[in-house]
Amino acid sequence: MDTEHDWITTPVTAELLRGAIDVEHTERGLLPHRLPAWARAQYDDGQLAMAESQPSGVRLVFRTRATAVELDALPLKRAYTGAPARPDGLYDLLVDGRPAGQASVAGGDTVTIDMSTGGTELRSGEPGTLRFTDLPDRLKDIEIWLPHNETTRLVALRTNAPVEPAPDHGRKVWLHHGSSISHGSDAASPTTTWPALAASLAGVELINLGLAGSALLDPFTARTLRDTPADLISVKLGINVVNADVMRLRAFTPAVHGFLDTIREGHPTTPLLVVSPILCPIHEDTPGPTAWDMSALSAGRLRFQAAGDPAERDSGKLTLTVIREELARIVEQRAADDPHLFHLDGRSLYGEADHAELPLPDDLHPDAAAHRRIGERFADLVFAEDGAFGKSGSFGKSGSLGKSGS
């Protein structure tokens with residue numbers, strides 16, 4: 001079939017998207033969102049807006065005989081004053097569930113962030129086109145995973161054969177919420193964030209509500225989880241609460257209870273897993289806030305540092321050690337009346353031994369190799385026969401899974 005002519009344009013609609021909670025029709029294309037409009041309206045925060053509009057876990061999914069596919073997209077790229085240029089976001093192509101290619105879209109809009117002042121500057125650009133060719137000449141399921149770290153407007157989809165919605169294969173839906181680590185910071189590509197890897201290994205459909213910098217126990221996030229259909233739910237809590245220094249222990253404990261209460265309003269018996277933070281040495285025993293290391297930035301490197309005072313722990317300031325202990329206690333307490341509630345110590349996914357081998361490059365986020373390790377461990381621990389999401393779901397009946405691999 002001639003891939004240069006006879007293109008069929010198919011409107012990009014919500015029916016062709018998976019992993020999105022909402023879509024916005026804009027003058028410059030369809031914008032997938034990972035929070036609904038009513039939630040976005042409740043707090044006008046630039047960090048939250050950027051995070052939820054970056055389509056981590058969102059993919060175009062359709063069935064076709066086409067041997068060539070084109071997608072026009074308008075990315076929003078980020079640049080940091082004084083820091084090295086960030087690479088273009090990657091689109092991952094899967095054919096019948098198997099990796100079949102990668103591409104990027106050059107150009108688009110760019111927002112430049114000055115971390116020393118907090119100022120931003122937006123430069124408008126034009127959409128770009130990615131193309132996948134030489135695809136198998138047969139009926140097949142196509143998935144195009146959008147860049148996990150670039151806000152992306154979808155402008156046009158073209159193929160050289162008709163497109164139809166992909167069938168429902170009956171896989172369970174896993175709904176996950178967490179921080180930038182769950183969002184995919186420093187992962188190699190959208191299908192290699194740790195939640196995407198774990199979902200692939202477990203054979204489940206992922207809805208990723210990892211919100212970089214914004215896993216802050218917000219009630220509107222809890223209500224979004226409550227209202228989203230899912231067979232399995234996990235929430236990875238703690239690191240952003242320390243990063244932003246938004247509460248002390250007195251507020252944290254009731255907030256966690258309220259967050260879980262809200263989820264249970266919509267999912268009373270769904271397996272629900274609470275995951276505490278992975279190891280992060282700068283905040284194990286030092287409270288937040290987290291600050292940019294400006295000396296590293298002046299040398300062209302992105303690094304973070306803990307700006308809190310360890311002496312303030314006695315007055316209720318939160319560290320990762322305190323949060324892990326409290327999350328384990330909360331789950332144990334609630335599990336007495338909720339047999340479908342489980343706990344996982346995040347150091348089981350990435351602990352001291354892992355940090356010695358695969359240190360956090362910026363002292364906060366795991367790199368691509370660590371994402372793979374975390375995803376594989378999560379699949380092994382949680383989706384195993386006796387895991388929280390396994391058939392028997394027997395681990396943690398008293399509330400907690402012990403720490404390992406650290």
# chains A, B, ... in the order shown; residues from 1 in each chain; ligands from 1
>>> residues_around(residues="Thr129 of chain A", least_positions_apart="5", cutoff="12 Å", atoms="only C-alpha atoms", output="compact mmCIF listing (two decimals) with N, CA and C atoms, in the first residue's frame")
# COMPACT_ATOMS: atom_id res chain seq x y z
N VAL A 69 1.15 5.14 9.91
CA VAL A 69 0.37 5.98 10.81
C VAL A 69 1.09 7.30 10.98
N GLU A 70 0.34 8.39 10.88
CA GLU A 70 0.87 9.71 11.19
C GLU A 70 0.04 10.35 12.29
N LEU A 71 0.71 11.06 13.18
CA LEU A 71 0.04 11.80 14.24
C LEU A 71 0.61 13.20 14.31
N ASP A 72 -0.26 14.19 14.12
CA ASP A 72 0.13 15.58 14.34
C ASP A 72 -0.14 15.92 15.81
N ALA A 73 0.85 16.47 16.46
CA ALA A 73 0.72 16.79 17.88
C ALA A 73 1.42 18.11 18.18
N LEU A 74 0.94 18.77 19.21
CA LEU A 74 1.52 20.04 19.66
C LEU A 74 2.01 19.84 21.09
N PRO A 75 3.32 19.63 21.27
CA PRO A 75 3.83 19.45 22.63
C PRO A 75 4.10 20.78 23.32
N TYR A 91 7.37 9.15 22.07
CA TYR A 91 6.13 8.42 21.85
C TYR A 91 6.52 6.96 21.61
N ALA A 103 9.28 7.60 18.50
CA ALA A 103 9.42 8.83 17.72
C ALA A 103 9.24 10.02 18.65
N SER A 104 9.65 11.19 18.18
CA SER A 104 9.47 12.43 18.91
C SER A 104 8.87 13.47 17.98
N VAL A 105 8.31 14.51 18.58
CA VAL A 105 7.80 15.65 17.83
C VAL A 105 8.65 16.86 18.20
N ALA A 106 9.34 17.41 17.21
CA ALA A 106 10.16 18.59 17.45
C ALA A 106 9.26 19.83 17.47
N GLY A 107 9.82 20.92 17.97
CA GLY A 107 9.08 22.17 17.96
C GLY A 107 8.00 22.20 19.02
N GLY A 108 6.89 22.84 18.70
CA GLY A 108 5.82 23.01 19.66
C GLY A 108 6.04 24.24 20.53
N ARG A 153 -1.09 18.20 22.97
CA ARG A 153 -2.37 18.35 22.26
C ARG A 153 -2.33 17.49 21.01
N LEU A 154 -3.39 16.72 20.80
CA LEU A 154 -3.49 15.83 19.65
C LEU A 154 -4.28 16.53 18.56
N VAL A 155 -3.64 16.73 17.41
CA VAL A 155 -4.21 17.57 16.36
C VAL A 155 -4.88 16.73 15.27
N ALA A 156 -4.21 15.69 14.78
CA ALA A 156 -4.77 14.90 13.68
C ALA A 156 -4.15 13.52 13.66
N LEU A 157 -4.96 12.52 13.35
CA LEU A 157 -4.52 11.14 13.18
C LEU A 157 -4.80 10.71 11.75
N ARG A 158 -3.76 10.24 11.07
CA ARG A 158 -3.90 9.78 9.68
C ARG A 158 -3.36 8.37 9.54
>>> closest_atom_pairs(of="segment 43-116 of chain A", to="segment 147-150 of chain A", cutoff="10 Å", atoms="only C-alpha atoms", output="JSON lines")
{"residue": "A:Met50", "atom": "CA", "partner": "A:Glu150", "partner_atom": "CA", "distance": 8.6}
{"residue": "A:Ala51", "atom": "CA", "partner": "A:Asn149", "partner_atom": "CA", "distance": 8.2}
{"residue": "A:Ser53", "atom": "CA", "partner": "A:Glu150", "partner_atom": "CA", "distance": 8.1}
{"residue": "A:Gln54", "atom": "CA", "partner": "A:Glu150", "partner_atom": "CA", "distance": 5.2}
{"residue": "A:Pro55", "atom": "CA", "partner": "A:His148", "partner_atom": "CA", "distance": 5.2}
{"residue": "A:Ser56", "atom": "CA", "partner": "A:His148", "partner_atom": "CA", "distance": 3.8}
{"residue": "A:Gly57", "atom": "CA", "partner": "A:His148", "partner_atom": "CA", "distance": 6.7}
{"residue": "A:Val58", "atom": "CA", "partner": "A:His148", "partner_atom": "CA", "distance": 7.9}
{"residue": "A:Arg59", "atom": "CA", "partner": "A:Pro147", "partner_atom": "CA", "distance": 9.1}
{"residue": "A:Leu74", "atom": "CA", "partner": "A:Glu150", "partner_atom": "CA", "distance": 9.6}
{"residue": "A:Pro75", "atom": "CA", "partner": "A:Glu150", "partner_atom": "CA", "distance": 6.1}
{"residue": "A:Leu76", "atom": "CA", "partner": "A:Glu150", "partner_atom": "CA", "distance": 5.7}
{"residue": "A:Lys77", "atom": "CA", "partner": "A:Glu150", "partner_atom": "CA", "distance": 5.9}
{"residue": "A:Arg78", "atom": "CA", "partner": "A:Glu150", "partner_atom": "CA", "distance": 7.8}
{"residue": "A:Asp88", "atom": "CA", "partner": "A:Glu150", "partner_atom": "CA", "distance": 8.4}
{"residue": "A:Gly89", "atom": "CA", "partner": "A:Pro147", "partner_atom": "CA", "distance": 5.1}
{"residue": "A:Leu90", "atom": "CA", "partner": "A:Pro147", "partner_atom": "CA", "distance": 5.2}
{"residue": "A:Tyr91", "atom": "CA", "partner": "A:Pro147", "partner_atom": "CA", "distance": 5.4}
{"residue": "A:Asp92", "atom": "CA", "partner": "A:Pro147", "partner_atom": "CA", "distance": 8.0}
{"residue": "A:Ala103", "atom": "CA", "partner": "A:Pro147", "partner_atom": "CA", "distance": 9.9}
{"residue": "A:Ser104", "atom": "CA", "partner": "A:Pro147", "partner_atom": "CA", "distance": 8.6}
{"residue": "A:Val105", "atom": "CA", "partner": "A:Pro147", "partner_atom": "CA", "distance": 9.8}
>>> write_last_selection(atoms="C-alpha atoms", output="PDB file, in the first residue's frame")
ATOM      1  CA  MET A  50       1.465  21.061  34.360  1.00  0.00           C
ATOM      2  CA  ALA A  51       1.517  17.668  36.069  1.00  0.00           C
ATOM      3  CA  SER A  53      -1.882  17.703  31.722  1.00  0.00           C
ATOM      4  CA  GLN A  54       1.263  15.671  31.082  1.00  0.00           C
ATOM      5  CA  PRO A  55      -0.225  12.424  29.749  1.00  0.00           C
ATOM      6  CA  SER A  56       1.657   9.817  31.758  1.00  0.00           C
ATOM      7  CA  GLY A  57       0.025   6.478  30.969  1.00  0.00           C
ATOM      8  CA  VAL A  58      -2.268   7.985  28.317  1.00  0.00           C
ATOM      9  CA  ARG A  59      -2.266   6.254  24.942  1.00  0.00           C
ATOM     10  CA  LEU A  74       1.523  20.036  19.661  1.00  0.00           C
ATOM     11  CA  PRO A  75       3.833  19.452  22.631  1.00  0.00           C
ATOM     12  CA  LEU A  76       4.577  21.843  25.451  1.00  0.00           C
ATOM     13  CA  LYS A  77       8.252  21.486  26.259  1.00  0.00           C
ATOM     14  CA  ARG A  78       9.992  22.675  29.421  1.00  0.00           C
ATOM     15  CA  ASP A  88      12.218  15.829  23.287  1.00  0.00           C
ATOM     16  CA  GLY A  89       9.505  13.608  24.741  1.00  0.00           C
ATOM     17  CA  LEU A  90       9.187  10.118  23.317  1.00  0.00           C
ATOM     18  CA  TYR A  91       6.125   8.417  21.845  1.00  0.00           C
ATOM     19  CA  ASP A  92       6.189   4.623  22.199  1.00  0.00           C
ATOM     20  CA  ALA A 103       9.424   8.831  17.723  1.00  0.00           C
ATOM     21  CA  SER A 104       9.466  12.431  18.910  1.00  0.00           C
ATOM     22  CA  VAL A 105       7.800  15.652  17.830  1.00  0.00           C
TER      23      VAL A 105
END
>>> closest_residue(among="A:Ala230, A:Val241, A:His176, A:Ala212", to="Val256 of chain A", atoms="only C-alpha atoms")
A:Val241
>>> residues_around(residues="segment 221-225 of chain A", least_positions_apart="3", cutoff="10 Å", atoms="only C-alpha atoms", output="JSON, numbers by chain")
{"A": [21, 34, 35, 36, 38, 39, 40, 175, 176, 177, 209, 211, 214, 215, 216, 217, 218, 228, 229, 230, 233, 234, 235, 258, 259, 260, 261, 262, 263, 264, 265, 266, 267]}
>>> closest_residue(among="A:Ala66, A:Leu139, A:Gly97, A:Gln42", to="Leu201 of chain A", atoms="only C-alpha atoms")
A:Gly97
>>> atom_distance(atom1="atom CA of Glu121 of chain A", atom2="atom CA of Thr152 of chain A")
18.1 Å
>>> residues_around(residues="His25 of chain A", least_positions_apart="4", cutoff="12 Å", atoms="only C-alpha atoms", output="mmCIF file with N, CA, C and O atoms, in the first residue's frame")
data_model
loop_
_atom_site.group_PDB
_atom_site.id
_atom_site.type_symbol
_atom_site.label_atom_id
_atom_site.label_comp_id
_atom_site.auth_asym_id
_atom_site.auth_seq_id
_atom_site.Cartn_x
_atom_site.Cartn_y
_atom_site.Cartn_z
ATOM 1 N N PRO A 11 -10.894 11.505 13.273
ATOM 2 C CA PRO A 11 -10.918 12.453 14.401
ATOM 3 C C PRO A 11 -10.394 11.802 15.677
ATOM 4 O O PRO A 11 -10.743 10.658 16.000
ATOM 5 N N VAL A 12 -9.527 12.532 16.363
ATOM 6 C CA VAL A 12 -9.036 12.052 17.656
ATOM 7 C C VAL A 12 -10.090 12.399 18.709
ATOM 8 O O VAL A 12 -10.370 13.563 18.968
ATOM 9 N N THR A 13 -10.667 11.365 19.296
ATOM 10 C CA THR A 13 -11.730 11.535 20.277
ATOM 11 C C THR A 13 -11.391 10.763 21.545
ATOM 12 O O THR A 13 -10.463 9.943 21.575
ATOM 13 N N ALA A 14 -12.182 10.997 22.578
ATOM 14 C CA ALA A 14 -11.968 10.298 23.844
ATOM 15 C C ALA A 14 -12.090 8.788 23.681
ATOM 16 O O ALA A 14 -11.465 8.025 24.429
ATOM 17 N N GLY A 29 -6.109 21.617 19.267
ATOM 18 C CA GLY A 29 -6.102 20.178 19.362
ATOM 19 C C GLY A 29 -6.762 19.663 20.633
ATOM 20 O O GLY A 29 -7.153 20.427 21.520
ATOM 21 N N LEU A 30 -6.878 18.332 20.703
ATOM 22 C CA LEU A 30 -7.502 17.663 21.845
ATOM 23 C C LEU A 30 -6.467 17.508 22.949
ATOM 24 O O LEU A 30 -5.406 16.911 22.743
ATOM 25 N N LEU A 31 -6.779 18.024 24.132
ATOM 26 C CA LEU A 31 -5.842 17.982 25.252
ATOM 27 C C LEU A 31 -6.317 16.973 26.283
ATOM 28 O O LEU A 31 -7.337 17.182 26.941
ATOM 29 N N PRO A 32 -5.608 15.840 26.454
ATOM 30 C CA PRO A 32 -5.977 14.882 27.497
ATOM 31 C C PRO A 32 -5.634 15.431 28.883
ATOM 32 O O PRO A 32 -4.620 16.110 29.068
ATOM 33 N N HIS A 33 -6.499 15.133 29.832
ATOM 34 C CA HIS A 33 -6.259 15.520 31.221
ATOM 35 C C HIS A 33 -6.313 14.275 32.104
ATOM 36 O O HIS A 33 -7.025 13.316 31.813
ATOM 37 N N ALA A 37 -12.366 18.343 34.950
ATOM 38 C CA ALA A 37 -12.443 19.806 34.931
ATOM 39 C C ALA A 37 -12.852 20.372 36.284
ATOM 40 O O ALA A 37 -12.326 21.398 36.728
ATOM 41 N N ARG A 153 -1.093 18.203 22.967
ATOM 42 C CA ARG A 153 -2.370 18.351 22.262
ATOM 43 C C ARG A 153 -2.331 17.491 21.008
ATOM 44 O O ARG A 153 -1.357 17.526 20.251
ATOM 45 N N LEU A 154 -3.390 16.722 20.800
ATOM 46 C CA LEU A 154 -3.487 15.825 19.652
ATOM 47 C C LEU A 154 -4.278 16.531 18.557
ATOM 48 O O LEU A 154 -5.443 16.879 18.746
ATOM 49 N N VAL A 155 -3.642 16.732 17.412
ATOM 50 C CA VAL A 155 -4.208 17.567 16.359
ATOM 51 C C VAL A 155 -4.878 16.732 15.274
ATOM 52 O O VAL A 155 -6.001 17.015 14.862
#
>>> closest_residue(among="A:Leu197, A:Ala79, A:Ala41, A:Leu237", to="Thr120 of chain A", atoms="only C-alpha atoms")
A:Ala79
>>> select_by_dssp(residues="segment 200-338 of chain A", states="strand (DSSP E or B)", output="ChimeraX atom specification")
/A:205-210,232-236,272-275,290-292,304-306
>>> closest_residue(among="A:Leu302, A:Leu320, A:Leu327, A:Leu130", to="Ile239 of chain A", atoms="only C-alpha atoms")
A:Leu320
>>> select_by_dssp(residues="segment 209-363 of chain A", states="alpha helix (DSSP H)", output="count of residues only")
60
>>> residues_around(residues="Thr319 of chain A", least_positions_apart="4", cutoff="7 Å", atoms="only C-alpha atoms", output="list in words")
Val242, His283, Glu284, Asp285, Thr286, Pro287 and Ile323 of chain A
>>> write_last_selection(atoms="N, CA, C and O atoms", output="tab-separated table (two decimals), in the first residue's frame")
chain	number	residue	atom	x	y	z
A	242	VAL	N	6.40	15.85	52.22
A	242	VAL	CA	7.67	16.33	52.77
A	242	VAL	C	8.28	17.38	51.85
A	242	VAL	O	8.75	18.44	52.32
A	283	HIS	N	15.85	12.96	52.75
A	283	HIS	CA	14.66	13.23	53.56
A	283	HIS	C	14.31	12.09	54.52
A	283	HIS	O	13.23	12.12	55.12
A	284	GLU	N	15.18	11.11	54.67
A	284	GLU	CA	14.86	10.03	55.60
A	284	GLU	C	14.63	10.58	57.00
A	284	GLU	O	13.67	10.20	57.68
A	285	ASP	N	15.51	11.47	57.46
A	285	ASP	CA	15.41	12.00	58.81
A	285	ASP	C	15.48	13.52	58.84
A	285	ASP	O	15.57	14.11	59.93
A	286	THR	N	15.42	14.15	57.68
A	286	THR	CA	15.43	15.61	57.59
A	286	THR	C	14.14	16.08	56.95
A	286	THR	O	13.82	15.65	55.83
A	287	PRO	N	13.38	16.95	57.62
A	287	PRO	CA	12.11	17.41	57.04
A	287	PRO	C	12.34	18.27	55.80
A	287	PRO	O	13.46	18.69	55.48
A	323	ILE	N	6.71	9.24	58.24
A	323	ILE	CA	5.57	8.93	57.37
A	323	ILE	C	5.41	7.43	57.18
A	323	ILE	O	4.29	6.91	57.22
>>> closest_residue(among="A:Arg131, A:Arg373, A:Lys236, A:Arg226", to="Thr270 of chain A", atoms="only C-alpha atoms")
A:Arg226
>>> closest_residue(among="A:Asp338, A:Pro310, A:Pro281, A:Gln305", to="Pro268 of chain A", atoms="only C-alpha atoms")
A:Asp338
>>> atom_distance(atom1="atom CA of Met247 of chain A", atom2="atom CA of Asp345 of chain A")
21.3 Å
>>> residues_around(residues="His355 of chain A", least_positions_apart="3", cutoff="9 Å", atoms="only C-alpha atoms", output="MDAnalysis selection string")
chainID A and resid 279:281 350:352 358:360 370 406
>>> write_last_selection(atoms="C-alpha atoms", output="short mmCIF file (atom, residue, chain, number, x, y, z; two decimals), in the first residue's frame")
data_model
loop_
_atom_site.label_atom_id
_atom_site.label_comp_id
_atom_site.auth_asym_id
_atom_site.auth_seq_id
_atom_site.Cartn_x
_atom_site.Cartn_y
_atom_site.Cartn_z
CA LEU A 279 14.28 5.38 50.07
CA CYS A 280 15.37 9.00 49.63
CA PRO A 281 18.39 9.68 51.87
CA TYR A 350 13.90 0.70 46.29
CA GLY A 351 15.97 0.53 49.46
CA GLU A 352 19.48 1.02 50.77
CA LEU A 358 21.55 2.80 41.46
CA PRO A 359 21.78 6.12 43.30
CA LEU A 360 19.20 8.82 42.67
CA ALA A 370 15.76 2.10 38.86
CA SER A 406 16.98 -2.69 51.08
#
>>> atom_distance(atom1="atom CA of Met294 of chain A", atom2="atom CA of Gly46 of chain A")
21.6 Å
>>> residues_around(residues="Asp309 of chain A", least_positions_apart="3", cutoff="9 Å", atoms="only C-alpha atoms", output="PyMOL selection string")
chain A and resi 286-288+306+312-313+317
>>> write_last_selection(atoms="all heavy atoms", output="PDB file, in the first residue's frame")
ATOM      1  N   THR A 286      15.422  14.151  57.681  1.00  0.00           N
ATOM      2  CA  THR A 286      15.431  15.612  57.592  1.00  0.00           C
ATOM      3  C   THR A 286      14.136  16.077  56.945  1.00  0.00           C
ATOM      4  O   THR A 286      13.815  15.652  55.825  1.00  0.00           O
ATOM      5  CB  THR A 286      16.628  16.118  56.775  1.00  0.00           C
ATOM      6  OG1 THR A 286      17.840  15.657  57.362  1.00  0.00           O
ATOM      7  CG2 THR A 286      16.643  17.644  56.716  1.00  0.00           C
ATOM      8  N   PRO A 287      13.379  16.950  57.618  1.00  0.00           N
ATOM      9  CA  PRO A 287      12.113  17.412  57.040  1.00  0.00           C
ATOM     10  C   PRO A 287      12.341  18.274  55.796  1.00  0.00           C
ATOM     11  O   PRO A 287      13.459  18.686  55.484  1.00  0.00           O
ATOM     12  CB  PRO A 287      11.493  18.249  58.173  1.00  0.00           C
ATOM     13  CG  PRO A 287      12.247  17.893  59.404  1.00  0.00           C
ATOM     14  CD  PRO A 287      13.611  17.510  58.957  1.00  0.00           C
ATOM     15  N   GLY A 288      11.227  18.567  55.115  1.00  0.00           N
ATOM     16  CA  GLY A 288      11.257  19.498  54.010  1.00  0.00           C
ATOM     17  C   GLY A 288      11.232  20.927  54.517  1.00  0.00           C
ATOM     18  O   GLY A 288      11.303  21.162  55.730  1.00  0.00           O
ATOM     19  N   ALA A 306      17.627  18.854  51.006  1.00  0.00           N
ATOM     20  CA  ALA A 306      16.651  19.045  52.075  1.00  0.00           C
ATOM     21  C   ALA A 306      16.959  20.341  52.800  1.00  0.00           C
ATOM     22  O   ALA A 306      18.088  20.566  53.243  1.00  0.00           O
ATOM     23  CB  ALA A 306      16.696  17.866  53.036  1.00  0.00           C
ATOM     24  N   GLU A 312      13.313  19.783  64.225  1.00  0.00           N
ATOM     25  CA  GLU A 312      11.880  20.074  64.247  1.00  0.00           C
ATOM     26  C   GLU A 312      11.009  18.821  64.173  1.00  0.00           C
ATOM     27  O   GLU A 312       9.788  18.927  64.224  1.00  0.00           O
ATOM     28  CB  GLU A 312      11.520  21.024  63.110  1.00  0.00           C
ATOM     29  CG  GLU A 312      12.073  22.430  63.283  1.00  0.00           C
ATOM     30  CD  GLU A 312      11.511  23.391  62.248  1.00  0.00           C
ATOM     31  OE1 GLU A 312      11.985  23.339  61.098  1.00  0.00           O
ATOM     32  OE2 GLU A 312      10.585  24.152  62.588  1.00  0.00           O
ATOM     33  N   ARG A 313      11.625  17.657  64.050  1.00  0.00           N
ATOM     34  CA  ARG A 313      10.820  16.425  64.058  1.00  0.00           C
ATOM     35  C   ARG A 313      10.033  16.291  65.349  1.00  0.00           C
ATOM     36  O   ARG A 313       8.904  15.812  65.365  1.00  0.00           O
ATOM     37  CB  ARG A 313      11.731  15.201  63.869  1.00  0.00           C
ATOM     38  CG  ARG A 313      12.275  15.026  62.463  1.00  0.00           C
ATOM     39  CD  ARG A 313      13.226  13.848  62.396  1.00  0.00           C
ATOM     40  NE  ARG A 313      14.406  14.092  63.235  1.00  0.00           N
ATOM     41  CZ  ARG A 313      15.337  13.186  63.504  1.00  0.00           C
ATOM     42  NH1 ARG A 313      15.199  11.955  63.038  1.00  0.00           N
ATOM     43  NH2 ARG A 313      16.388  13.490  64.252  1.00  0.00           N
ATOM     44  N   LYS A 317       7.204  17.955  62.597  1.00  0.00           N
ATOM     45  CA  LYS A 317       7.646  18.036  61.202  1.00  0.00           C
ATOM     46  C   LYS A 317       7.806  16.628  60.641  1.00  0.00           C
ATOM     47  O   LYS A 317       8.250  15.704  61.332  1.00  0.00           O
ATOM     48  CB  LYS A 317       8.979  18.782  61.126  1.00  0.00           C
ATOM     49  CG  LYS A 317       8.841  20.290  61.103  1.00  0.00           C
ATOM     50  CD  LYS A 317       8.832  20.804  59.671  1.00  0.00           C
ATOM     51  CE  LYS A 317       9.084  22.302  59.643  1.00  0.00           C
ATOM     52  NZ  LYS A 317       9.403  22.763  58.283  1.00  0.00           N
TER      53      LYS A 317
END
